[in-house]
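The data block below is data_31.cif; it holds mmCIF, C-alpha atoms.
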```
data_protein
loop_
_atom_site.group_PDB
_atom_site.id
_atom_site.type_symbol
_atom_site.label_atom_id
_atom_site.label_comp_id
_atom_site.auth_asym_id
_atom_site.auth_seq_id
_atom_site.Cartn_x
_atom_site.Cartn_y
_atom_site.Cartn_z
ATOM 1 C CA MET A 206 48.700 -132.291 -78.193
ATOM 2 C CA ILE A 207 49.561 -135.302 -80.387
ATOM 3 C CA GLU A 208 48.236 -137.810 -77.840
ATOM 4 C CA ASP A 209 45.114 -135.689 -77.291
ATOM 5 C CA ILE A 210 44.357 -135.662 -81.034
ATOM 6 C CA LYS A 211 45.013 -139.408 -81.241
ATOM 7 C CA ASN A 212 42.536 -140.080 -78.404
ATOM 8 C CA ALA A 213 39.873 -137.788 -79.877
ATOM 9 C CA LEU A 214 40.316 -139.370 -83.331
ATOM 10 C CA SER A 215 39.853 -142.844 -81.905
ATOM 11 C CA VAL A 216 36.547 -141.801 -80.319
ATOM 12 C CA LEU A 217 35.307 -140.022 -83.450
ATOM 13 C CA ARG A 218 36.188 -142.957 -85.701
ATOM 14 C CA SER A 219 34.333 -145.366 -83.401
ATOM 15 C CA GLY A 220 31.146 -143.273 -83.521
ATOM 16 C CA GLY A 221 31.614 -141.504 -80.185
ATOM 17 C CA ILE A 222 31.165 -137.942 -79.002
ATOM 18 C CA VAL A 223 33.966 -135.606 -77.967
ATOM 19 C CA CYS A 224 33.916 -132.364 -75.990
ATOM 20 C CA TYR A 225 36.471 -129.987 -77.474
ATOM 21 C CA PRO A 226 37.549 -126.340 -77.831
ATOM 22 C CA THR A 227 36.593 -124.630 -81.070
ATOM 23 C CA ASP A 228 37.472 -121.285 -82.594
ATOM 24 C CA THR A 229 34.509 -119.916 -80.625
ATOM 25 C CA ILE A 230 33.252 -121.623 -77.450
ATOM 26 C CA TRP A 231 33.602 -125.189 -76.117
ATOM 27 C CA GLY A 232 31.606 -127.678 -78.142
ATOM 28 C CA VAL A 233 30.515 -131.262 -78.413
ATOM 29 C CA GLY A 234 30.810 -133.077 -81.679
ATOM 30 C CA CYS A 235 31.119 -136.250 -83.649
ATOM 31 C CA ASP A 236 31.926 -137.479 -87.140
ATOM 32 C CA ALA A 237 29.485 -135.454 -89.258
ATOM 33 C CA THR A 238 28.896 -138.425 -91.571
ATOM 34 C CA ASN A 239 27.719 -140.754 -88.775
ATOM 35 C CA ALA A 240 23.914 -140.554 -88.355
ATOM 36 C CA LYS A 241 23.884 -142.588 -85.096
ATOM 37 C CA ALA A 242 26.491 -140.340 -83.477
ATOM 38 C CA ILE A 243 24.513 -137.273 -84.578
ATOM 39 C CA GLU A 244 21.379 -138.742 -83.001
ATOM 40 C CA ALA A 245 23.325 -139.244 -79.766
ATOM 41 C CA ILE A 246 24.275 -135.545 -79.753
ATOM 42 C CA TYR A 247 20.621 -134.504 -80.065
ATOM 43 C CA THR A 248 19.832 -136.777 -77.108
ATOM 44 C CA LEU A 249 22.768 -135.491 -75.042
ATOM 45 C CA LYS A 250 21.783 -131.855 -75.610
ATOM 46 C CA GLN A 251 18.055 -132.556 -75.134
ATOM 47 C CA ARG A 252 17.497 -130.885 -78.494
ATOM 48 C CA THR A 253 15.083 -131.835 -81.270
ATOM 49 C CA GLU A 254 16.196 -132.600 -84.802
ATOM 50 C CA ILE A 255 14.041 -129.686 -85.949
ATOM 51 C CA MET A 256 17.015 -127.514 -84.950
ATOM 52 C CA PRO A 257 19.849 -128.664 -87.251
ATOM 53 C CA LEU A 258 23.461 -128.779 -86.131
ATOM 54 C CA LEU A 259 26.407 -127.165 -87.894
ATOM 55 C CA ILE A 260 29.655 -128.696 -89.042
ATOM 56 C CA LEU A 261 33.270 -127.607 -88.922
ATOM 57 C CA VAL A 262 35.555 -128.175 -91.899
ATOM 58 C CA ASP A 263 39.269 -127.526 -92.199
ATOM 59 C CA SER A 264 39.307 -125.847 -95.614
ATOM 60 C CA GLU A 265 37.382 -124.549 -98.589
ATOM 61 C CA ALA A 266 38.142 -127.808 -100.397
ATOM 62 C CA MET A 267 36.433 -129.847 -97.671
ATOM 63 C CA LEU A 268 33.466 -127.456 -97.661
ATOM 64 C CA GLU A 269 32.944 -128.088 -101.379
ATOM 65 C CA ARG A 270 32.459 -131.809 -100.715
ATOM 66 C CA TYR A 271 29.394 -131.076 -98.551
ATOM 67 C CA VAL A 272 27.682 -128.183 -100.362
ATOM 68 C CA GLU A 273 26.256 -128.278 -103.870
ATOM 69 C CA ASN A 274 27.634 -125.336 -105.851
ATOM 70 C CA PRO A 275 28.607 -122.976 -103.027
ATOM 71 C CA PRO A 276 28.445 -119.342 -104.184
ATOM 72 C CA GLU A 277 31.840 -117.668 -104.631
ATOM 73 C CA ILE A 278 30.887 -114.918 -102.189
ATOM 74 C CA ALA A 279 30.981 -117.514 -99.391
ATOM 75 C CA PHE A 280 34.746 -117.850 -99.726
ATOM 76 C CA GLU A 281 35.153 -114.070 -99.646
ATOM 77 C CA LEU A 282 33.021 -113.890 -96.497
ATOM 78 C CA PHE A 283 35.145 -116.548 -94.784
ATOM 79 C CA GLU A 284 38.338 -114.762 -95.804
ATOM 80 C CA LEU A 285 37.259 -111.232 -94.864
ATOM 81 C CA SER A 286 35.409 -111.892 -91.625
ATOM 82 C CA GLU A 287 37.275 -110.654 -88.562
ATOM 83 C CA LYS A 288 35.573 -113.182 -86.298
ATOM 84 C CA PRO A 289 34.509 -116.800 -86.831
ATOM 85 C CA ILE A 290 31.578 -117.001 -89.226
ATOM 86 C CA THR A 291 29.093 -119.780 -89.850
ATOM 87 C CA ILE A 292 27.396 -119.770 -93.232
ATOM 88 C CA ILE A 293 24.134 -121.596 -93.838
ATOM 89 C CA PHE A 294 24.195 -123.002 -97.365
ATOM 90 C CA GLU A 295 21.071 -124.008 -99.312
ATOM 91 C CA LYS A 296 22.012 -127.458 -100.564
ATOM 92 C CA ALA A 297 23.857 -129.904 -98.326
ATOM 93 C CA ILE A 298 25.267 -133.026 -99.962
ATOM 94 C CA ASN A 299 26.975 -136.189 -98.691
ATOM 95 C CA LEU A 300 25.638 -135.722 -95.137
ATOM 96 C CA PRO A 301 23.097 -137.699 -93.096
ATOM 97 C CA GLU A 302 19.492 -136.513 -93.207
ATOM 98 C CA ASN A 303 19.354 -135.938 -89.429
ATOM 99 C CA LEU A 304 22.132 -133.351 -89.700
ATOM 100 C CA ILE A 305 20.704 -131.079 -92.353
ATOM 101 C CA GLY A 306 17.763 -128.691 -92.157
ATOM 102 C CA LYS A 307 14.337 -129.739 -93.401
ATOM 103 C CA ASP A 308 14.910 -127.343 -96.312
ATOM 104 C CA GLY A 309 18.152 -129.150 -97.240
ATOM 105 C CA SER A 310 20.444 -126.511 -95.743
ATOM 106 C CA ILE A 311 23.586 -126.928 -93.658
ATOM 107 C CA GLY A 312 25.560 -124.527 -91.474
ATOM 108 C CA ILE A 313 29.327 -124.701 -92.020
ATOM 109 C CA ARG A 314 32.278 -122.932 -90.450
ATOM 110 C CA ILE A 315 35.888 -123.220 -91.599
ATOM 111 C CA CYS A 316 37.603 -123.778 -88.260
ATOM 112 C CA ARG A 317 40.818 -121.886 -87.621
ATOM 113 C CA GLU A 318 41.492 -123.210 -84.093
ATOM 114 C CA PRO A 319 44.771 -125.189 -84.479
ATOM 115 C CA PHE A 320 43.843 -128.256 -82.412
ATOM 116 C CA THR A 321 40.423 -128.715 -83.970
ATOM 117 C CA GLN A 322 41.716 -127.994 -87.453
ATOM 118 C CA LYS A 323 44.329 -130.763 -87.055
ATOM 119 C CA LEU A 324 41.641 -133.104 -85.707
ATOM 120 C CA ILE A 325 39.443 -132.491 -88.770
ATOM 121 C CA GLN A 326 42.408 -132.889 -91.121
ATOM 122 C CA GLN A 327 43.333 -136.239 -89.615
ATOM 123 C CA LEU A 328 39.722 -137.472 -89.518
ATOM 124 C CA ARG A 329 39.388 -136.384 -93.173
ATOM 125 C CA LYS A 330 35.745 -135.557 -92.507
ATOM 126 C CA PRO A 331 33.858 -132.651 -90.982
ATOM 127 C CA ILE A 332 32.990 -132.623 -87.303
ATOM 128 C CA VAL A 333 29.598 -131.706 -85.890
ATOM 129 C CA SER A 334 29.853 -128.666 -83.656
ATOM 130 C CA THR A 335 27.307 -127.540 -81.117
ATOM 131 C CA SER A 336 27.796 -125.778 -77.808
ATOM 132 C CA ALA A 337 28.777 -127.989 -74.846
ATOM 133 C CA ASN A 338 25.578 -127.365 -72.920
ATOM 134 C CA ILE A 339 22.027 -128.592 -72.557
ATOM 135 C CA HIS A 340 19.784 -126.916 -75.148
ATOM 136 C CA SER A 341 18.762 -123.346 -74.183
ATOM 137 C CA LYS A 342 21.195 -123.174 -71.229
ATOM 138 C CA PRO A 343 24.147 -120.712 -71.199
ATOM 139 C CA ASN A 344 27.005 -121.344 -73.644
ATOM 140 C CA PRO A 345 30.307 -122.372 -72.022
ATOM 141 C CA GLN A 346 33.033 -119.897 -72.922
ATOM 142 C CA TYR A 347 35.505 -121.789 -70.760
ATOM 143 C CA TYR A 348 36.064 -125.404 -69.873
ATOM 144 C CA ASP A 349 35.002 -124.915 -66.227
ATOM 145 C CA GLN A 350 31.581 -123.669 -67.404
ATOM 146 C CA ILE A 351 30.681 -126.941 -69.112
ATOM 147 C CA PRO A 352 27.903 -128.725 -67.182
ATOM 148 C CA GLU A 353 28.902 -131.932 -65.425
ATOM 149 C CA THR A 354 26.080 -133.755 -67.241
ATOM 150 C CA ILE A 355 27.817 -133.041 -70.551
ATOM 151 C CA LEU A 356 31.311 -133.932 -69.324
ATOM 152 C CA THR A 357 30.179 -137.287 -67.907
ATOM 153 C CA GLN A 358 28.118 -138.315 -70.938
ATOM 154 C CA VAL A 359 30.607 -137.678 -73.758
ATOM 155 C CA ASP A 360 33.150 -140.331 -74.691
ATOM 156 C CA TYR A 361 36.212 -138.086 -74.537
ATOM 157 C CA VAL A 362 36.992 -134.621 -73.186
ATOM 158 C CA VAL A 363 39.923 -132.964 -74.942
ATOM 159 C CA LEU A 364 42.739 -131.812 -72.643
ATOM 160 C CA HIS A 365 43.866 -128.969 -74.907
ATOM 161 C CA ARG A 366 42.950 -125.422 -73.753
ATOM 162 C CA ARG A 367 41.217 -126.409 -70.514
ATOM 163 C CA GLU A 368 43.076 -123.619 -68.700
ATOM 164 C CA ASP A 369 42.546 -121.018 -71.436
ATOM 165 C CA ARG A 370 40.680 -117.944 -70.161
ATOM 166 C CA SER A 371 40.809 -115.921 -73.398
ATOM 167 C CA PRO A 372 37.447 -114.250 -74.058
ATOM 168 C CA GLN A 373 35.367 -116.401 -76.413
ATOM 169 C CA GLU A 374 32.116 -115.728 -78.204
ATOM 170 C CA VAL A 375 29.772 -117.480 -80.581
ATOM 171 C CA SER A 376 30.204 -117.086 -84.336
ATOM 172 C CA SER A 377 28.323 -114.765 -86.623
ATOM 173 C CA ILE A 378 25.728 -116.626 -88.700
ATOM 174 C CA ILE A 379 24.803 -115.716 -92.257
ATOM 175 C CA LYS A 380 22.304 -117.493 -94.479
ATOM 176 C CA LEU A 381 23.474 -117.470 -98.089
ATOM 177 C CA THR A 382 21.376 -118.392 -101.107
ATOM 178 C CA ASN A 383 22.899 -119.970 -104.189
ATOM 179 C CA SER A 384 22.228 -116.683 -106.004
ATOM 180 C CA GLY A 385 24.438 -114.885 -103.429
ATOM 181 C CA ILE A 386 21.773 -113.173 -101.299
ATOM 182 C CA CYS A 387 22.981 -112.839 -97.676
ATOM 183 C CA THR A 388 20.762 -112.649 -94.613
ATOM 184 C CA ILE A 389 22.384 -111.968 -91.240
ATOM 185 C CA ILE A 390 20.991 -114.385 -88.645
ATOM 186 C CA ARG A 391 23.360 -113.464 -85.793
ATOM 187 C CA LYS A 392 26.013 -110.718 -85.734
#
```

Whole structure given in structure tokens:
Amino acid sequence: MIEDIKNALSVLRSGGIVCYPTDTIWGVGCDATNAKAIEAIYTLKQRTEIMPLLILVDSEAMLERYVENPPEIAFELFELSEKPITIIFEKAINLPENLIGKDGSIGIRICREPFTQKLIQQLRKPIVSTSANIHSKPNPQYYDQIPETILTQVDYVVLHRREDRSPQEVSSIIKLTNSGICTIIRK
């Protein structure tokens, strides 16, 4: 796993795209502070920037560097949720314009998958996370479901968990206002 993280880090730091396992399904991602790499992900997925991407962080402390005044209830939601949860916050900060929503929002998940969490910790920045598929095509639960077009166009495909057949599903998504009002987007 150490060599795999080292290789993925090298790609992320040089502005490349990696295909990697998350705490949900397989994803593609890049350094979430690199606007050119983010643009390349939109191109790879054949997705417009009108549909913002989410980011993975390793901790509450990292989350607070990218959201202006996150409501306290967000941390309770992350802690109490039985499955991975993505929260859409109102006011993104310190992130490129092409990553955040037109309304200034950003979707964030605190990643609990050990490999990806270590990758984020060593990068010291969040990682963009979007499903490893072409936009509107089926989500890849397992490595062998990732389309060849994705695998051949990313700069590095993580070795970790390629054989894992544990059932995976997408995260719940909640939109949270700064006043603490929650709207469930996806259960």

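If you measure from each of A:Ile339, A:Ala213, A:Val272, A:Ile278 to A:Gly309 using all atoms listed in the file, the closest one turns out to be A:Val272.
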
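With atom CA of A:Ile290 on one side and atom CA of A:Glu353 on the other, the separation reads 28.2 Å.
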
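Proximity to A:Thr253 was assessed for A:Gln326, A:Asn303, A:Ser310, A:Ser371 counting all atoms listed in the file; the smallest distance is recorded for A:Asn303.
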
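Against this structure, the PyMOL selection byres ((chain A and resi 307) around 12) ends up with Glu254, Ile255, Met256, Pro257, Leu258, Glu295, Lys296, Ala297, Pro301, Glu302, Asn303, Leu304, Ile305, Gly306, Asp308, Gly309, Ser310 and Ile311 of chain A.
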
Would you tabulate, counting only C-alpha atoms, all residues of stretch 253-303 of chain A that have an atom at most 12 Å from an atom of stretch 226-229 of chain A, showing the closest pair of atoms and their distance in Å to one decimal, sorted by chain then ascending number, as JSON lines?
```
{"residue": "A:Ile260", "atom": "CA", "partner": "A:Thr227", "partner_atom": "CA", "distance": 11.3}
{"residue": "A:Leu261", "atom": "CA", "partner": "A:Thr227", "partner_atom": "CA", "distance": 9.0}
{"residue": "A:Val262", "atom": "CA", "partner": "A:Thr227", "partner_atom": "CA", "distance": 11.4}
{"residue": "A:Asp263", "atom": "CA", "partner": "A:Asp228", "partner_atom": "CA", "distance": 11.6}
{"residue": "A:Lys288", "atom": "CA", "partner": "A:Thr229", "partner_atom": "CA", "distance": 8.9}
{"residue": "A:Pro289", "atom": "CA", "partner": "A:Asp228", "partner_atom": "CA", "distance": 6.8}
{"residue": "A:Ile290", "atom": "CA", "partner": "A:Thr229", "partner_atom": "CA", "distance": 9.5}
{"residue": "A:Thr291", "atom": "CA", "partner": "A:Thr229", "partner_atom": "CA", "distance": 10.7}
```

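The interatomic distance for the pair atom CA of A:Arg391 and atom CA of A:Ile378 works out to 4.9 Å.
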
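The space separating atom CA of A:Cys387 from atom CA of A:Pro319 comes to 28.3 Å.
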
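For the choices A:Arg314, A:Arg270, A:Arg370, A:Lys392, the atom-to-atom distance to A:Ser334 is smallest for A:Arg314 when using all atoms listed in the file.
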
**Message:** Considering only C-alpha atoms, can you say which of A:Asn274, A:Ser286, A:Thr321, A:Thr388 comes closest to A:Ser376?
**Reply:** A:Ser286

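Closest approach to A:Thr335 among A:Leu364, A:Leu381, A:Ile313, A:Ala240 is made by A:Ile313 (distances from all atoms listed in the file).
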
Shell of 9 Å around A:Val233, all atoms listed in the file, local chain residues under 5 positions omitted, as a short mmCIF file (atom, residue, chain, number, x, y, z; two decimals) with C-alpha atoms, keeping the file's coordinate frame:
```
data_model
loop_
_atom_site.label_atom_id
_atom_site.label_comp_id
_atom_site.auth_asym_id
_atom_site.auth_seq_id
_atom_site.Cartn_x
_atom_site.Cartn_y
_atom_site.Cartn_z
CA ILE A 222 31.16 -137.94 -79.00
CA VAL A 223 33.97 -135.61 -77.97
CA CYS A 224 33.92 -132.36 -75.99
CA TYR A 225 36.47 -129.99 -77.47
CA PRO A 226 37.55 -126.34 -77.83
CA ILE A 246 24.28 -135.54 -79.75
CA VAL A 333 29.60 -131.71 -85.89
CA SER A 334 29.85 -128.67 -83.66
CA THR A 335 27.31 -127.54 -81.12
CA SER A 336 27.80 -125.78 -77.81
CA ALA A 337 28.78 -127.99 -74.85
CA ASN A 338 25.58 -127.36 -72.92
CA ILE A 355 27.82 -133.04 -70.55
CA VAL A 359 30.61 -137.68 -73.76
CA VAL A 362 36.99 -134.62 -73.19
#
```

Write only C-alpha atoms for stretch 244-384 of chain A from the block just shown, as a PDB file, in the first residue's frame.
```pdb
ATOM      1  CA  GLU A 244     -11.121  20.884 -15.854  1.00  0.00           C
ATOM      2  CA  ALA A 245      -9.514  17.662 -17.095  1.00  0.00           C
ATOM      3  CA  ILE A 246     -11.923  15.622 -14.947  1.00  0.00           C
ATOM      4  CA  TYR A 247     -14.936  17.389 -16.474  1.00  0.00           C
ATOM      5  CA  THR A 248     -13.534  16.570 -19.923  1.00  0.00           C
ATOM      6  CA  LEU A 249     -12.793  12.942 -19.012  1.00  0.00           C
ATOM      7  CA  LYS A 250     -16.310  12.395 -17.656  1.00  0.00           C
ATOM      8  CA  GLN A 251     -17.956  14.338 -20.508  1.00  0.00           C
ATOM      9  CA  ARG A 252     -19.680  16.425 -17.850  1.00  0.00           C
ATOM     10  CA  THR A 253     -20.391  20.157 -17.823  1.00  0.00           C
ATOM     11  CA  GLU A 254     -19.166  22.473 -15.096  1.00  0.00           C
ATOM     12  CA  ILE A 255     -22.808  23.278 -14.357  1.00  0.00           C
ATOM     13  CA  MET A 256     -22.772  20.051 -12.321  1.00  0.00           C
ATOM     14  CA  PRO A 257     -20.197  20.694  -9.563  1.00  0.00           C
ATOM     15  CA  LEU A 258     -17.941  17.974  -8.211  1.00  0.00           C
ATOM     16  CA  LEU A 259     -17.514  17.024  -4.563  1.00  0.00           C
ATOM     17  CA  ILE A 260     -14.369  16.751  -2.502  1.00  0.00           C
ATOM     18  CA  LEU A 261     -13.095  14.272   0.046  1.00  0.00           C
ATOM     19  CA  VAL A 262     -11.324  15.468   3.183  1.00  0.00           C
ATOM     20  CA  ASP A 263      -9.643  13.424   5.885  1.00  0.00           C
ATOM     21  CA  SER A 264     -11.020  15.227   8.940  1.00  0.00           C
ATOM     22  CA  GLU A 265     -13.252  17.919  10.361  1.00  0.00           C
ATOM     23  CA  ALA A 266     -10.206  20.181  10.638  1.00  0.00           C
ATOM     24  CA  MET A 267      -9.542  19.931   6.896  1.00  0.00           C
ATOM     25  CA  LEU A 268     -13.228  20.537   6.142  1.00  0.00           C
ATOM     26  CA  GLU A 269     -13.085  23.814   8.075  1.00  0.00           C
ATOM     27  CA  ARG A 270     -10.371  25.116   5.736  1.00  0.00           C
ATOM     28  CA  TYR A 271     -12.751  24.870   2.754  1.00  0.00           C
ATOM     29  CA  VAL A 272     -16.121  25.935   4.199  1.00  0.00           C
ATOM     30  CA  GLU A 273     -16.944  29.323   5.679  1.00  0.00           C
ATOM     31  CA  ASN A 274     -18.519  28.831   9.107  1.00  0.00           C
ATOM     32  CA  PRO A 275     -19.797  25.259   8.792  1.00  0.00           C
ATOM     33  CA  PRO A 276     -22.833  24.705  11.039  1.00  0.00           C
ATOM     34  CA  GLU A 277     -22.167  22.520  14.090  1.00  0.00           C
ATOM     35  CA  ILE A 278     -24.909  20.104  13.050  1.00  0.00           C
ATOM     36  CA  ALA A 279     -22.725  19.061  10.098  1.00  0.00           C
ATOM     37  CA  PHE A 280     -20.222  17.421  12.431  1.00  0.00           C
ATOM     38  CA  GLU A 281     -23.018  15.591  14.244  1.00  0.00           C
ATOM     39  CA  LEU A 282     -24.383  14.344  10.916  1.00  0.00           C
ATOM     40  CA  PHE A 283     -20.959  13.034   9.885  1.00  0.00           C
ATOM     41  CA  GLU A 284     -20.512  11.333  13.252  1.00  0.00           C
ATOM     42  CA  LEU A 285     -23.978   9.771  13.487  1.00  0.00           C
ATOM     43  CA  SER A 286     -24.499   8.653   9.905  1.00  0.00           C
ATOM     44  CA  GLU A 287     -24.341   4.885   9.481  1.00  0.00           C
ATOM     45  CA  LYS A 288     -23.286   5.173   5.845  1.00  0.00           C
ATOM     46  CA  PRO A 289     -21.017   7.625   4.015  1.00  0.00           C
ATOM     47  CA  ILE A 290     -22.633  11.047   3.796  1.00  0.00           C
ATOM     48  CA  THR A 291     -21.885  13.984   1.539  1.00  0.00           C
ATOM     49  CA  ILE A 292     -22.950  17.382   2.817  1.00  0.00           C
ATOM     50  CA  ILE A 293     -23.430  20.333   0.492  1.00  0.00           C
ATOM     51  CA  PHE A 294     -22.315  23.474   2.311  1.00  0.00           C
ATOM     52  CA  GLU A 295     -23.391  27.001   1.329  1.00  0.00           C
ATOM     53  CA  LYS A 296     -20.077  28.835   1.256  1.00  0.00           C
ATOM     54  CA  ALA A 297     -16.981  27.200  -0.206  1.00  0.00           C
ATOM     55  CA  ILE A 298     -13.656  28.929   0.403  1.00  0.00           C
ATOM     56  CA  ASN A 299     -10.079  28.375  -0.795  1.00  0.00           C
ATOM     57  CA  LEU A 300     -11.197  26.286  -3.798  1.00  0.00           C
ATOM     58  CA  PRO A 301     -11.088  26.962  -7.548  1.00  0.00           C
ATOM     59  CA  GLU A 302     -14.185  28.496  -9.119  1.00  0.00           C
ATOM     60  CA  ASN A 303     -14.674  25.552 -11.511  1.00  0.00           C
ATOM     61  CA  LEU A 304     -15.107  23.195  -8.555  1.00  0.00           C
ATOM     62  CA  ILE A 305     -17.821  24.982  -6.637  1.00  0.00           C
ATOM     63  CA  GLY A 306     -21.487  25.438  -7.503  1.00  0.00           C
ATOM     64  CA  LYS A 307     -22.699  28.627  -9.160  1.00  0.00           C
ATOM     65  CA  ASP A 308     -24.328  29.477  -5.818  1.00  0.00           C
ATOM     66  CA  GLY A 309     -20.961  29.159  -4.028  1.00  0.00           C
ATOM     67  CA  SER A 310     -21.699  25.740  -2.537  1.00  0.00           C
ATOM     68  CA  ILE A 311     -19.466  22.687  -2.248  1.00  0.00           C
ATOM     69  CA  GLY A 312     -20.191  19.031  -1.514  1.00  0.00           C
ATOM     70  CA  ILE A 313     -17.820  17.479   1.033  1.00  0.00           C
ATOM     71  CA  ARG A 314     -17.466  14.008   2.495  1.00  0.00           C
ATOM     72  CA  ILE A 315     -15.105  13.031   5.308  1.00  0.00           C
ATOM     73  CA  CYS A 316     -13.588   9.880   3.834  1.00  0.00           C
ATOM     74  CA  ARG A 317     -13.190   6.903   6.137  1.00  0.00           C
ATOM     75  CA  GLU A 318     -11.672   4.488   3.584  1.00  0.00           C
ATOM     76  CA  PRO A 319      -8.139   3.822   4.956  1.00  0.00           C
ATOM     77  CA  PHE A 320      -6.193   4.059   1.684  1.00  0.00           C
ATOM     78  CA  THR A 321      -7.880   7.235   0.496  1.00  0.00           C
ATOM     79  CA  GLN A 322      -7.742   8.807   3.936  1.00  0.00           C
ATOM     80  CA  LYS A 323      -3.957   8.247   4.040  1.00  0.00           C
ATOM     81  CA  LEU A 324      -3.652   9.661   0.515  1.00  0.00           C
ATOM     82  CA  ILE A 325      -5.496  12.847   1.536  1.00  0.00           C
ATOM     83  CA  GLN A 326      -3.449  13.146   4.729  1.00  0.00           C
ATOM     84  CA  GLN A 327      -0.183  12.917   2.824  1.00  0.00           C
ATOM     85  CA  LEU A 328      -1.336  15.295   0.069  1.00  0.00           C
ATOM     86  CA  ARG A 329      -2.464  17.717   2.810  1.00  0.00           C
ATOM     87  CA  LYS A 330      -5.284  18.847   0.536  1.00  0.00           C
ATOM     88  CA  PRO A 331      -8.720  17.545  -0.376  1.00  0.00           C
ATOM     89  CA  ILE A 332      -9.204  15.291  -3.372  1.00  0.00           C
ATOM     90  CA  VAL A 333     -11.936  15.699  -5.962  1.00  0.00           C
ATOM     91  CA  SER A 334     -14.196  12.668  -6.016  1.00  0.00           C
ATOM     92  CA  THR A 335     -16.578  11.705  -8.772  1.00  0.00           C
ATOM     93  CA  SER A 336     -17.655   8.282  -9.962  1.00  0.00           C
ATOM     94  CA  ALA A 337     -15.251   6.483 -12.330  1.00  0.00           C
ATOM     95  CA  ASN A 338     -17.626   6.529 -15.278  1.00  0.00           C
ATOM     96  CA  ILE A 339     -18.744   8.676 -18.174  1.00  0.00           C
ATOM     97  CA  HIS A 340     -21.463  11.101 -17.041  1.00  0.00           C
ATOM     98  CA  SER A 341     -24.927   9.473 -16.772  1.00  0.00           C
ATOM     99  CA  LYS A 342     -23.575   5.920 -17.242  1.00  0.00           C
ATOM    100  CA  PRO A 343     -23.800   3.297 -14.440  1.00  0.00           C
ATOM    101  CA  ASN A 344     -21.629   3.820 -11.348  1.00  0.00           C
ATOM    102  CA  PRO A 345     -18.816   1.273 -10.913  1.00  0.00           C
ATOM    103  CA  GLN A 346     -19.200  -0.548  -7.610  1.00  0.00           C
ATOM    104  CA  TYR A 347     -16.177  -2.691  -8.408  1.00  0.00           C
ATOM    105  CA  TYR A 348     -12.925  -2.159 -10.227  1.00  0.00           C
ATOM    106  CA  ASP A 349     -13.896  -4.473 -13.119  1.00  0.00           C
ATOM    107  CA  GLN A 350     -16.949  -2.278 -13.832  1.00  0.00           C
ATOM    108  CA  ILE A 351     -14.878   0.807 -14.621  1.00  0.00           C
ATOM    109  CA  PRO A 352     -15.066   1.614 -18.355  1.00  0.00           C
ATOM    110  CA  GLU A 353     -11.868   1.101 -20.323  1.00  0.00           C
ATOM    111  CA  THR A 354     -12.106   4.705 -21.566  1.00  0.00           C
ATOM    112  CA  ILE A 355     -11.696   5.914 -17.981  1.00  0.00           C
ATOM    113  CA  LEU A 356      -8.885   3.498 -17.104  1.00  0.00           C
ATOM    114  CA  THR A 357      -6.840   4.442 -20.181  1.00  0.00           C
ATOM    115  CA  GLN A 358      -7.282   8.204 -19.804  1.00  0.00           C
ATOM    116  CA  VAL A 359      -6.357   8.680 -16.134  1.00  0.00           C
ATOM    117  CA  ASP A 360      -2.725   9.090 -15.122  1.00  0.00           C
ATOM    118  CA  TYR A 361      -2.708   6.406 -12.431  1.00  0.00           C
ATOM    119  CA  VAL A 362      -5.012   3.568 -11.390  1.00  0.00           C
ATOM    120  CA  VAL A 363      -4.628   2.604  -7.737  1.00  0.00           C
ATOM    121  CA  LEU A 364      -3.847  -1.077  -7.114  1.00  0.00           C
ATOM    122  CA  HIS A 365      -5.496  -1.184  -3.687  1.00  0.00           C
ATOM    123  CA  ARG A 366      -8.876  -2.999  -3.492  1.00  0.00           C
ATOM    124  CA  ARG A 367      -9.064  -4.045  -7.143  1.00  0.00           C
ATOM    125  CA  GLU A 368     -10.176  -7.527  -6.060  1.00  0.00           C
ATOM    126  CA  ASP A 369     -12.623  -6.297  -3.409  1.00  0.00           C
ATOM    127  CA  ARG A 370     -16.185  -7.495  -4.067  1.00  0.00           C
ATOM    128  CA  SER A 371     -17.782  -6.013  -0.930  1.00  0.00           C
ATOM    129  CA  PRO A 372     -21.134  -4.406  -1.776  1.00  0.00           C
ATOM    130  CA  GLN A 373     -20.675  -0.670  -2.350  1.00  0.00           C
ATOM    131  CA  GLU A 374     -23.175   2.121  -2.793  1.00  0.00           C
ATOM    132  CA  VAL A 375     -23.194   5.850  -3.339  1.00  0.00           C
ATOM    133  CA  SER A 376     -23.309   8.220  -0.371  1.00  0.00           C
ATOM    134  CA  SER A 377     -26.327   9.962   1.049  1.00  0.00           C
ATOM    135  CA  ILE A 378     -26.404  13.651   0.104  1.00  0.00           C
ATOM    136  CA  ILE A 379     -27.737  16.393   2.349  1.00  0.00           C
ATOM    137  CA  LYS A 380     -27.826  20.103   1.594  1.00  0.00           C
ATOM    138  CA  LEU A 381     -27.203  22.122   4.747  1.00  0.00           C
ATOM    139  CA  THR A 382     -27.752  25.851   5.139  1.00  0.00           C
ATOM    140  CA  ASN A 383     -25.624  27.948   7.457  1.00  0.00           C
ATOM    141  CA  SER A 384     -28.692  28.295   9.695  1.00  0.00           C
TER     142      SER A 384
END
```
